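Student: This is the content of input.cif (mmCIF, C-alpha atoms and all ligand atoms):
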data_my_file
loop_
_atom_site.label_atom_id
_atom_site.label_comp_id
_atom_site.auth_asym_id
_atom_site.auth_seq_id
_atom_site.Cartn_x
_atom_site.Cartn_y
_atom_site.Cartn_z
CA MET A 2 -9.36 12.89 -16.84
CA ASN A 3 -9.90 9.65 -18.73
CA ALA A 4 -7.13 7.78 -16.91
CA PRO A 5 -8.20 4.31 -15.79
CA ASP A 6 -8.69 3.91 -12.04
CA ARG A 7 -5.53 2.62 -10.39
CA TYR A 8 -7.33 -0.24 -8.68
CA GLU A 9 -8.29 -1.66 -12.08
CA ARG A 10 -4.78 -3.09 -12.16
CA PHE A 11 -5.50 -5.60 -9.41
CA VAL A 12 -9.24 -5.83 -8.74
CA VAL A 13 -11.02 -8.42 -10.86
CA PRO A 14 -14.24 -6.82 -12.17
CA GLU A 15 -17.48 -8.42 -11.06
CA GLY A 16 -18.69 -11.12 -13.42
CA THR A 17 -15.18 -11.80 -14.77
CA LYS A 18 -13.44 -15.10 -14.10
CA LYS A 19 -9.95 -14.93 -12.59
CA VAL A 20 -8.70 -17.80 -14.75
CA SER A 21 -10.29 -18.92 -17.99
CA TYR A 22 -9.15 -21.84 -20.04
CA GLU A 23 -9.32 -22.33 -23.77
CA ARG A 24 -8.24 -25.46 -25.62
CA ASP A 25 -6.30 -25.15 -28.83
CA THR A 26 -8.52 -26.11 -31.78
CA LYS A 27 -5.70 -27.57 -33.88
CA ILE A 28 -3.19 -29.10 -31.50
CA VAL A 29 -3.96 -31.88 -29.01
CA ASN A 30 -2.94 -31.21 -25.42
CA ALA A 31 -2.40 -27.52 -26.00
CA ALA A 32 -4.31 -24.75 -24.28
CA SER A 33 -4.24 -21.10 -23.26
CA PHE A 34 -5.04 -19.84 -19.78
CA THR A 35 -6.10 -16.22 -19.46
CA ILE A 36 -5.38 -14.93 -15.98
CA GLU A 37 -7.08 -11.67 -15.10
CA ARG A 38 -5.32 -8.93 -13.11
CA GLU A 39 -1.94 -10.64 -12.93
CA ASP A 40 1.43 -9.71 -14.39
CA HIS A 41 5.04 -10.90 -14.70
CA THR A 42 5.15 -11.82 -11.00
CA ILE A 43 2.81 -14.78 -11.52
CA GLY A 44 3.42 -15.28 -15.26
CA ASN A 45 7.15 -15.85 -15.00
CA ILE A 46 7.18 -18.18 -11.98
CA VAL A 47 4.42 -20.32 -13.48
CA ARG A 48 6.22 -20.51 -16.82
CA MET A 49 9.57 -21.44 -15.24
CA GLN A 50 7.94 -24.05 -13.02
CA LEU A 51 6.20 -25.57 -16.05
CA HIS A 52 9.60 -25.85 -17.75
CA ARG A 53 10.69 -28.21 -14.96
CA ASP A 54 7.97 -30.67 -15.98
CA PRO A 55 9.32 -33.03 -18.69
CA ASN A 56 5.77 -33.62 -19.95
CA VAL A 57 5.50 -29.96 -20.88
CA LEU A 58 6.61 -29.48 -24.49
CA PHE A 59 5.99 -25.75 -24.48
CA ALA A 60 5.12 -23.20 -21.83
CA GLY A 61 5.13 -19.47 -22.29
CA TYR A 62 3.32 -16.41 -21.05
CA LYS A 63 2.64 -12.95 -22.40
CA LEU A 64 1.37 -9.67 -21.08
CA PRO A 65 -0.48 -8.59 -24.22
CA HIS A 66 -0.62 -4.87 -23.41
CA PRO A 67 0.42 -2.80 -20.37
CA LEU A 68 -3.11 -1.38 -20.05
CA GLN A 69 -4.83 -4.74 -20.39
CA TYR A 70 -4.36 -6.12 -16.92
CA LYS A 71 -4.14 -9.80 -17.79
CA ILE A 72 -1.63 -12.42 -18.82
CA ILE A 73 -1.97 -15.36 -21.16
CA VAL A 74 -0.18 -18.62 -20.33
CA ARG A 75 0.10 -21.12 -23.15
CA ILE A 76 0.89 -24.76 -22.41
CA HIS A 77 1.49 -27.72 -24.71
CA THR A 78 2.07 -31.13 -23.13
CA THR A 79 2.69 -34.72 -24.17
CA SER A 80 -0.20 -37.16 -24.17
CA GLN A 81 1.07 -38.36 -20.76
CA SER A 82 -0.27 -35.15 -19.24
CA SER A 83 -2.63 -32.31 -20.06
CA PRO A 84 -2.36 -28.53 -19.90
CA THR A 85 -4.76 -28.30 -16.94
CA GLN A 86 -2.89 -31.02 -15.08
CA ALA A 87 0.52 -29.44 -15.74
CA TYR A 88 -0.81 -26.00 -14.76
CA SER A 89 -2.32 -27.21 -11.51
CA GLN A 90 0.83 -29.16 -10.67
CA ALA A 91 3.01 -26.10 -11.31
CA ILE A 92 0.86 -23.95 -9.02
CA SER A 93 0.93 -26.45 -6.18
CA ASP A 94 4.68 -27.05 -6.56
CA LEU A 95 5.28 -23.31 -6.32
CA ASP A 96 2.99 -23.06 -3.34
CA LYS A 97 4.83 -25.90 -1.57
CA GLU A 98 8.18 -24.30 -2.40
CA LEU A 99 7.04 -21.07 -0.76
CA GLU A 100 5.69 -22.92 2.26
CA TYR A 101 9.09 -24.60 2.58
CA LEU A 102 10.88 -21.26 2.11
CA LYS A 103 8.82 -19.64 4.85
CA GLN A 104 9.77 -22.42 7.25
CA ALA A 105 13.41 -22.11 6.15
CA PHE A 106 13.35 -18.40 7.00
CA GLU A 107 11.79 -19.00 10.41
CA ASP A 108 14.31 -21.74 11.22
CA GLU A 109 17.24 -19.62 10.07
CA LYS A 110 16.07 -16.68 12.17
CA ASN A 111 15.73 -18.91 15.25
CA ARG A 112 19.17 -20.43 14.65
CA ARG A 113 20.63 -16.95 14.34
CA GLU A 114 19.05 -15.77 17.56
CA GLN A 115 20.40 -18.82 19.39
CA ARG A 116 23.88 -18.25 17.94
CA GLN A 117 23.80 -14.66 19.15
CA GLU A 118 22.67 -15.63 22.65
CA LEU A 119 25.42 -18.21 23.17
CA PRO A 120 28.58 -16.09 23.47
CA MET B 30 11.90 -40.75 -24.86
CA ASP B 31 10.75 -41.91 -21.44
CA ARG B 32 8.78 -39.37 -19.53
CA PRO B 33 7.50 -39.77 -16.01
CA ALA B 34 3.76 -40.07 -15.63
CA ALA B 35 1.85 -36.87 -15.04
CA GLY B 36 1.25 -35.92 -11.46
CA ALA B 37 4.89 -36.05 -10.39
CA SER B 38 6.13 -33.14 -8.30
CA TYR B 39 8.94 -30.86 -9.43
CA GLN B 40 9.07 -28.82 -6.27
CA ARG B 41 12.29 -27.14 -5.20
CA PHE B 42 13.59 -26.83 -1.64
CA PRO B 43 15.32 -23.46 -1.35
CA ARG B 44 17.89 -22.76 1.34
CA VAL B 45 18.32 -19.50 3.22
CA ARG B 46 21.19 -17.96 5.15
CA ILE B 47 20.62 -14.62 6.84
CA ARG B 48 23.77 -12.53 6.94
CA GLU B 49 22.42 -9.42 8.60
CA LEU B 50 19.09 -8.67 10.18
CA ARG B 51 18.11 -5.38 11.73
CA ASP B 52 14.70 -3.75 12.14
CA ASP B 53 14.70 -2.06 8.77
CA TYR B 54 17.46 -3.93 6.94
CA ALA B 55 18.15 -7.51 5.92
CA LYS B 56 20.80 -9.19 3.83
CA PHE B 57 20.40 -12.86 3.04
CA GLU B 58 21.42 -15.59 0.65
CA LEU B 59 18.77 -17.55 -1.21
CA ARG B 60 19.88 -20.77 -2.87
CA ASP B 61 18.47 -23.71 -4.82
CA THR B 62 15.79 -21.77 -6.61
CA ASP B 63 15.75 -19.77 -9.84
CA ALA B 64 15.67 -16.14 -10.88
CA SER B 65 11.92 -16.19 -11.52
CA MET B 66 11.24 -16.96 -7.85
CA ALA B 67 13.81 -14.44 -6.63
CA ASN B 68 12.30 -11.80 -8.88
CA ALA B 69 8.72 -12.64 -7.89
CA LEU B 70 9.66 -12.16 -4.24
CA ARG B 71 11.36 -8.87 -5.05
CA ARG B 72 8.36 -7.62 -7.02
CA VAL B 73 5.90 -8.64 -4.31
CA MET B 74 7.97 -6.96 -1.58
CA ILE B 75 7.98 -3.71 -3.52
CA ALA B 76 4.45 -3.60 -4.91
CA GLU B 77 2.13 -6.03 -3.17
CA VAL B 78 2.86 -6.26 0.54
CA PRO B 79 0.22 -4.07 2.21
CA THR B 80 0.84 -1.17 4.57
CA VAL B 81 -1.27 1.66 5.96
CA ALA B 82 -0.93 5.19 4.60
CA ILE B 83 -2.97 8.39 4.72
CA ASP B 84 -5.42 8.29 1.83
CA LEU B 85 -8.04 10.93 2.54
CA VAL B 86 -7.48 14.39 4.01
CA GLU B 87 -10.15 16.86 5.08
CA ILE B 88 -8.62 20.26 5.60
CA GLU B 89 -10.39 22.55 8.05
CA VAL B 90 -7.95 25.42 8.04
CA ASN B 91 -4.87 25.88 5.91
CA SER B 92 -3.27 29.29 5.86
CA SER B 93 0.22 27.90 5.21
CA VAL B 94 2.19 28.63 2.04
CA LEU B 95 1.50 25.15 0.65
CA ASN B 96 -1.82 24.38 -1.00
CA ASP B 97 -4.20 21.72 0.33
CA GLU B 98 -3.32 19.08 -2.30
CA PHE B 99 0.39 19.55 -1.71
CA ILE B 100 -0.06 18.93 2.02
CA ALA B 101 -2.37 15.96 1.41
CA HIS B 102 0.28 14.41 -0.83
CA ARG B 103 3.01 14.95 1.77
CA LEU B 104 0.84 13.36 4.45
CA GLY B 105 0.29 10.32 2.24
CA LEU B 106 4.04 9.72 1.95
CA ILE B 107 4.65 9.55 5.73
CA PRO B 108 5.37 5.91 6.66
CA LEU B 109 2.97 4.62 9.31
CA THR B 110 3.55 1.56 11.50
CA SER B 111 1.77 -1.20 9.62
CA ALA B 112 2.35 -4.43 11.54
CA ALA B 113 -1.44 -4.81 11.62
CA ALA B 114 -1.93 -4.20 7.89
CA MET B 115 -1.97 -7.88 6.91
CA GLN B 116 -4.97 -8.42 9.21
CA MET B 117 -6.76 -5.22 8.18
CA ARG B 118 -9.38 -5.04 5.44
CA PHE B 119 -9.07 -3.12 2.23
CA SER B 120 -11.74 -0.39 2.30
CA ARG B 121 -13.14 -1.58 -1.03
CA ASP B 122 -13.74 -5.07 0.45
CA CYS B 123 -15.01 -3.84 3.79
CA ASP B 124 -18.64 -4.67 4.47
CA ALA B 125 -18.70 -3.03 7.89
CA CYS B 126 -18.82 0.43 6.38
CA ASP B 127 -20.07 -0.38 2.87
CA GLY B 128 -17.42 1.29 0.77
CA ASP B 129 -17.32 4.52 2.74
CA GLY B 130 -13.94 3.33 4.06
CA SER B 131 -13.89 4.83 7.50
CA CYS B 132 -14.66 2.10 10.03
CA GLU B 133 -12.26 0.57 12.55
CA TYR B 134 -11.68 -2.55 10.40
CA CYS B 135 -10.35 -0.70 7.40
CA SER B 136 -9.16 2.73 8.51
CA VAL B 137 -7.37 4.79 11.14
CA GLU B 138 -8.19 8.42 11.80
CA PHE B 139 -5.60 11.13 12.37
CA HIS B 140 -5.90 14.72 13.52
CA LEU B 141 -3.44 17.52 13.18
CA ALA B 142 -3.73 21.01 14.60
CA ALA B 143 -0.89 23.51 14.59
CA ARG B 144 -0.70 27.28 14.76
CA ALA B 145 2.40 29.46 14.91
CA GLU B 146 1.98 31.89 17.78
CA SER B 147 5.51 33.22 18.09
CA ASP B 148 7.89 34.97 15.73
CA GLN B 149 9.89 31.79 15.35
CA THR B 150 9.04 29.63 12.33
CA LEU B 151 7.01 26.61 13.42
CA GLU B 152 7.87 23.30 11.82
CA VAL B 153 4.83 21.06 11.49
CA THR B 154 6.07 17.47 11.38
CA SER B 155 4.78 13.91 11.54
CA ASN B 156 5.12 14.22 15.32
CA ASP B 157 2.11 16.54 15.28
CA LEU B 158 -0.16 13.83 13.88
CA ARG B 159 -2.49 12.32 16.48
CA SER B 160 -3.76 8.82 15.76
CA ASN B 161 -6.91 7.26 17.19
CA ASP B 162 -5.29 3.80 17.07
CA PRO B 163 -2.06 3.33 19.03
CA LYS B 164 -0.97 0.52 16.67
CA VAL B 165 -0.85 2.89 13.70
CA CYS B 166 1.24 6.03 13.99
CA PRO B 167 4.13 7.70 12.11
CA VAL B 168 7.19 5.43 12.34
CA ASP B 169 9.41 7.99 14.07
CA GLN B 170 6.78 8.55 16.77
CA ALA B 171 6.75 4.81 17.36
CA ARG B 172 10.54 4.74 17.57
CA ALA B 173 10.64 7.64 20.03
CA TYR B 174 8.05 5.85 22.14
CA GLN B 175 10.12 2.66 22.10
CA GLN B 176 13.23 4.56 23.14
CA ALA B 177 11.36 6.31 25.93
CA LEU B 178 10.16 2.93 27.18
CA SER B 179 13.65 1.48 27.15
CA GLY B 180 14.81 4.50 29.13
CA SER B 181 17.48 5.70 26.72
CA ASP B 182 18.14 9.41 26.42
CA PHE B 183 15.63 11.00 24.17
CA ASP B 184 15.63 14.57 22.97
CA PRO B 185 12.75 15.25 20.58
CA ASN B 186 14.60 18.06 18.83
CA THR B 187 17.75 16.38 17.61
CA GLY B 188 18.67 14.24 14.66
CA ASP B 189 16.14 11.62 13.69
CA GLN B 190 13.76 12.60 16.45
CA ARG B 191 12.46 15.72 14.76
CA GLY B 192 9.94 13.82 12.67
CA ILE B 193 9.17 14.27 9.01
CA LEU B 194 8.65 17.86 8.00
CA ILE B 195 5.21 18.54 6.52
CA VAL B 196 5.13 22.34 6.29
CA LYS B 197 6.64 25.40 7.97
CA LEU B 198 4.33 28.04 9.46
CA ARG B 199 5.10 31.69 10.22
CA ARG B 200 3.39 33.75 12.88
CA GLY B 201 -0.38 33.63 12.56
CA GLN B 202 -0.49 30.79 10.03
CA GLU B 203 -2.47 27.70 10.91
CA LEU B 204 -3.01 24.12 9.76
CA ARG B 205 -5.88 22.00 11.02
CA LEU B 206 -7.02 18.80 9.38
CA ARG B 207 -8.49 15.32 9.71
CA ALA B 208 -6.92 12.44 7.80
CA ILE B 209 -8.00 8.87 7.13
CA ALA B 210 -5.30 6.23 6.69
CA ARG B 211 -6.18 3.07 4.79
CA LYS B 212 -4.65 -0.22 3.87
CA GLY B 213 -3.18 -0.39 0.37
CA ILE B 214 -0.39 -1.78 -1.80
CA GLY B 215 2.46 -0.22 -3.73
CA LYS B 216 0.85 -1.24 -7.00
CA ASP B 217 -1.94 1.23 -6.27
CA HIS B 218 0.34 4.07 -5.13
CA ALA B 219 4.01 4.06 -4.11
CA LYS B 220 3.10 5.61 -0.73
CA TRP B 221 1.89 2.13 0.31
CA SER B 222 5.16 0.41 -0.58
CA PRO B 223 6.94 -0.86 2.55
CA ALA B 224 10.17 -1.26 0.57
CA ALA B 225 12.85 1.40 0.39
CA THR B 226 15.04 -0.92 -1.67
CA VAL B 227 14.85 -4.57 -2.55
CA THR B 228 17.60 -5.87 -4.78
CA PHE B 229 19.15 -9.21 -5.52
CA MET B 230 22.29 -10.19 -7.36
CA TYR B 231 23.58 -13.47 -8.70
CA GLU B 232 26.43 -14.79 -6.64
CA PRO B 233 29.55 -14.58 -8.85
CA ASP B 234 31.81 -17.59 -9.27
CA ILE B 235 35.30 -16.22 -9.97
CA ARG B 236 38.13 -18.49 -11.09
CA ILE B 237 41.61 -17.14 -11.65
CA ASN B 238 43.85 -19.12 -14.01
CA GLU B 239 46.79 -19.25 -11.58
CA GLU B 240 49.22 -20.64 -14.14
CA LEU B 241 48.55 -17.85 -16.60
CA MET B 242 48.51 -15.28 -13.78
CA GLU B 243 52.07 -16.24 -12.83
CA THR B 244 53.26 -15.22 -16.30
CA LEU B 245 52.40 -11.61 -15.40
CA THR B 246 54.90 -9.21 -13.87
CA LEU B 247 53.95 -7.47 -10.62
CA ASP B 248 53.25 -4.26 -12.53
CA GLU B 249 51.02 -6.10 -14.98
CA LYS B 250 49.17 -7.72 -12.09
CA ARG B 251 48.66 -4.32 -10.50
CA SER B 252 47.30 -2.74 -13.65
CA TRP B 253 45.01 -5.73 -14.21
CA VAL B 254 43.68 -5.62 -10.63
CA GLU B 255 43.12 -1.88 -10.95
CA SER B 256 41.20 -2.29 -14.21
CA SER B 257 38.20 -3.42 -12.19
CA PRO B 258 36.01 -0.44 -11.25
CA THR B 259 35.15 -2.13 -7.94
CA LYS B 260 37.59 -3.80 -5.51
CA VAL B 261 37.12 -7.40 -6.56
CA PHE B 262 40.76 -8.49 -6.64
CA ALA B 263 43.79 -7.74 -4.50
CA ILE B 264 47.48 -8.57 -4.53
CA ASP B 265 48.85 -10.37 -1.52
CA PRO B 266 51.67 -8.12 -0.27
CA ILE B 267 53.87 -11.06 0.72
CA THR B 268 53.38 -13.69 -1.98
CA GLU B 269 52.53 -11.08 -4.67
CA GLN B 270 49.77 -13.39 -5.86
CA VAL B 271 46.47 -12.10 -7.16
CA ARG B 272 43.53 -13.23 -5.06
CA VAL B 273 39.81 -12.54 -4.98
CA ALA B 274 39.27 -9.88 -2.32
CA ASP B 275 35.49 -9.67 -2.49
CA ALA B 276 33.65 -11.58 -5.20
CA GLU B 277 30.38 -9.78 -4.48
CA GLU B 278 31.92 -6.44 -5.35
CA TYR B 279 31.86 -7.60 -8.97
CA THR B 280 29.18 -5.82 -10.98
CA TYR B 281 29.35 -8.04 -14.08
CA ASP B 282 31.04 -5.17 -15.93
CA ASP B 283 33.50 -7.44 -17.84
CA GLU B 284 36.29 -4.88 -17.41
CA VAL B 285 38.85 -7.37 -16.08
CA ILE B 286 38.04 -9.77 -18.90
CA LYS B 287 38.54 -7.05 -21.53
CA LYS B 288 41.73 -5.97 -19.79
CA ALA B 289 43.09 -9.53 -19.85
CA GLU B 290 42.35 -9.75 -23.56
CA ALA B 291 44.00 -6.37 -24.18
CA MET B 292 47.07 -7.65 -22.34
CA GLY B 293 47.16 -10.66 -24.61
CA LYS B 294 46.13 -13.02 -21.79
CA PRO B 295 42.63 -14.20 -22.65
CA GLY B 296 41.24 -16.68 -20.13
CA LEU B 297 43.15 -15.10 -17.24
CA VAL B 298 39.98 -15.15 -15.23
CA GLU B 299 36.64 -16.84 -15.68
CA ILE B 300 33.57 -15.29 -14.06
CA ASN B 301 30.17 -16.93 -14.07
CA ALA B 302 26.94 -16.03 -12.33
CA LYS B 303 25.68 -18.95 -10.25
CA GLU B 304 22.18 -19.26 -11.63
CA ASP B 305 20.60 -20.66 -8.49
CA SER B 306 22.22 -18.44 -5.84
CA PHE B 307 21.06 -14.96 -4.97
CA ILE B 308 22.14 -12.34 -2.51
CA PHE B 309 19.23 -10.16 -1.41
CA THR B 310 19.36 -6.73 0.17
CA VAL B 311 16.09 -5.57 1.71
CA GLU B 312 15.53 -2.17 3.26
CA THR B 313 12.16 -0.99 4.51
CA THR B 314 10.63 2.43 5.15
CA GLY B 315 10.04 1.41 8.76
CA ALA B 316 6.34 0.70 8.18
CA ILE B 317 7.10 -2.96 8.87
CA THR B 318 10.39 -4.69 9.76
CA ALA B 319 12.57 -6.23 7.08
CA TYR B 320 11.77 -9.68 8.45
CA GLU B 321 8.03 -8.97 8.34
CA LEU B 322 8.43 -7.72 4.78
CA ILE B 323 10.04 -10.98 3.68
CA MET B 324 7.52 -13.17 5.50
CA ASN B 325 4.55 -11.12 4.29
CA ALA B 326 5.88 -11.27 0.72
CA ILE B 327 5.89 -15.06 0.90
CA THR B 328 2.35 -15.05 2.32
CA VAL B 329 1.09 -12.63 -0.33
CA LEU B 330 2.71 -14.59 -3.15
CA ARG B 331 1.06 -17.77 -1.86
CA GLN B 332 -2.30 -15.99 -1.76
CA LYS B 333 -1.76 -14.86 -5.34
CA LEU B 334 -0.96 -18.42 -6.43
CA ASP B 335 -4.03 -19.66 -4.62
CA ALA B 336 -6.17 -17.16 -6.51
CA VAL B 337 -4.98 -18.43 -9.89
CA ARG B 338 -5.70 -22.09 -9.19
CA LEU B 339 -8.20 -23.68 -11.55
CA GLN B 340 -11.61 -23.95 -9.98
CA ASP B 341 -13.30 -27.34 -10.09
CA ASP B 342 -15.68 -26.20 -12.80
CA ASP B 343 -12.73 -25.08 -15.00
CA GLY B 344 -11.24 -28.56 -15.02
CA ASP B 345 -14.57 -30.30 -15.61
CA LEU B 346 -15.40 -27.96 -18.45
CA GLY B 347 -12.09 -28.75 -20.07
CA GLU B 348 -12.68 -32.48 -19.80
CA LEU B 349 -16.23 -32.08 -21.05
CA ASP B 350 -14.95 -30.19 -24.09
CA ALA B 351 -12.57 -33.02 -24.78
CA HIS B 352 -15.42 -35.54 -24.78
CA LEU B 353 -17.80 -33.48 -26.82
CA GLY B 354 -15.80 -31.93 -29.59
CA GLY B 355 -12.11 -32.53 -28.98
CA PRO B 356 -9.97 -34.25 -31.59
ZN ZN C 1 -14.62 -0.36 6.69
#
Once more with this new file: its structure as structure tokens, please.
Tutor:
Amino acid sequence: MNAPDRYERFVVPEGTKKVSYERDTKIVNAASFTIEREDHTIGNIVRMQLHRDPNVLFAGYKLPHPLQYKIIVRIHTTSQSSPTQAYSQAISDLDKELEYLKQAFEDEKNRREQRQELP
Amino acid sequence: MDRPAAGASYQRFPRVRIRELRDDYAKFELRDTDASMANALRRVMIAEVPTVAIDLVEIEVNSSVLNDEFIAHRLGLIPLTSAAAMQMRFSRDCDACDGDGSCEYCSVEFHLAARAESDQTLEVTSNDLRSNDPKVCPVDQARAYQQALSGSDFDPNTGDQRGILIVKLRRGQELRLRAIARKGIGKDHAKWSPAATVTFMYEPDIRINEELMETLTLDEKRSWVESSPTKVFAIDPITEQVRVADAEEYTYDDEVIKKAEAMGKPGLVEINAKEDSFIFTVETTGAITAYELIMNAITVLRQKLDAVRLQDDDGDLGELDAHLGGP
């Protein structure tokens, strides 16, 4: 009866920002990103990609509660970089990786079809 | 410590090898990426690649033994051909029918009418559903149609061709309804999931210490090989040497390692999971092909990443904060 609507898990409510950014008040180059309506799928790949960046001193994410449909990504970088820069770089690196992967799949499928036609 | 300047790319370049590819099944190797990417792809394939499924049922007549809700639920679970789902609109985003969710851009209408006239029990199946869009129909109807086109023998009453049973009617009972199928994702309801199974495993790296192995008698070798619950190792009948028969049969159960220790031969075998190599098994419900499922998962994951990019105003605000009150 009072169950939340199922779509609330993935539809960002009107007037809510998908990503909001909050700087840490005590530590330089540290910030938290609150991402609405996302879960481990995005949280974990972003975190692991951030770990590949040597300017990132800390990167972690949490899903605060299973019924609060948001994740919080926390990033601390060296002075060579900034949390927003590291975050944006991680997203575009992941995007390029997936673009590459898609091409790799298409190429592999074509190669396979040619192999099967030959004999 | 020297760190590269910000702005450098840390992109990976994954490699793929497809081992098996059929309409509803794929097995492939994914290398040079990490578990987070493999798992994100798995999660997206299961819960976020869209398909079409029956979502609204208006029952005109139902004198069957099953109640209306029960039948509506069963209709929802019938896989429908969803190759067009990626291009369709979600009803909640559709402006052509303002949220009513029944226009051609966001929905497909089905009709079903069945009445048992004879003494024989009538089986109402997915084959009785009539779609108003030839692209979207129950998957077994589509398969039967394909087989009929290719001219292979087709008997609608045997094996797979019988369709998915919805309800059985006895003489005089009737079922008549109208159903609306909509685009959706598995996260909303499992009926929209195109995935029957999606799993991945780490590729095992198995190294036998040959020197130590040769200190075992044939009987000891046999009992060690048999200690594995799956057929990972085998003994060569001629050389009587232990070899790896199928590394991927290993389930990371540690049984052979414990057995070696119990035999007083620790280090007899070393097994490690290769952390950047994955073997995927993908099986679909037939709503889309396994290849489409993989490609759509990549597309959906890219769309998700695009949605979480910082907007220009986010970045500027951050910089502004830094100037105004930052330390
Ligand atoms: Zn519509």
Student: At a cut-off of 12 Å around ligand ZN 1 (chain C), and using only C-alpha atoms and all ligand atoms, what residues come up? Please write them as a ChimeraX atom specification.
Tutor: /B:117-137,209-212
Student: Which chain A residues are at most 9 Å from chain B (counting only C-alpha atoms), as an NGL selection string?
Tutor: :A and (7-8 or 10-11 or 19-24 or 26-29 or 36-37 or 39 or 41-43 or 45-51 or 53-56 or 79 or 81-83 or 85-103 or 105-107 or 109-110 or 113)
Student: As a PyMOL selection string, please: the residues near segment 143-160 of chain B (cut-off 12 Å, only C-alpha atoms, same-chain neighbours under 3 positions excluded).
Tutor: chain B and resi 83+89-93+100+103-110+136-140+163-174+185-186+189-210
Student: Around (32.3, -17.3, -11.5) in the file's own coordinates, what residues are found within 10 Å if you use all atoms listed in the file, given back as a ChimeraX atom specification?
Tutor: /B:231-237,276,298-303
Student: What does the structure give for the distance between atom CA of Ala291 of chain B and atom CA of Ile264 of chain B, in Å to one decimal?
Tutor: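 Computed distance, atom CA of Ala291 of chain B to atom CA of Ile264 of chain B, equals 20.1 Å.
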Student: Which distance in Å separates atom CA of Glu118 of chain A and atom CA of Phe307 of chain B, to one decimal?
Tutor: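 If I compute the distance from atom CA of Glu118 of chain A to atom CA of Phe307 of chain B, I get 27.7 Å.
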Student: Could you check the closest approach to Lys294 of chain B for each of B:Phe262, B:Phe229, B:Tyr54, B:Trp253 and tell me which residue wins, using only C-alpha atoms?
Tutor: B:Trp253
Student: Quick one: residues within 7 Å of Asp40 of chain A, only C-alpha atoms counted, chain neighbours fewer than 3 positions away excluded, as a PyMOL selection string?
Tutor: chain A and resi 43-44+64+71-72
Student: May I ask which of the residues A:Gln104, A:Leu119, A:Ala60, A:Gln69 is the closest one to Ala32 of chain A, counting all atoms listed in the file?
Tutor: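 Distance minimum relative to Ala32 of chain A lands on A:Ala60.
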Student: Please report the interatomic distance between atom CA of Thr35 of chain A and atom CA of Gly215 of chain B in Å with one decimal.
Tutor: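 Rounded to one decimal, the two atoms are 24.0 Å apart.
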Student: Considering only C-alpha atoms, can you say which of B:Lys220, B:Thr280, B:Glu304, B:Gly293 comes closest to Glu249 of chain B?
Tutor: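 Ranked by minimum distance to Glu249 of chain B, first place goes to B:Gly293.
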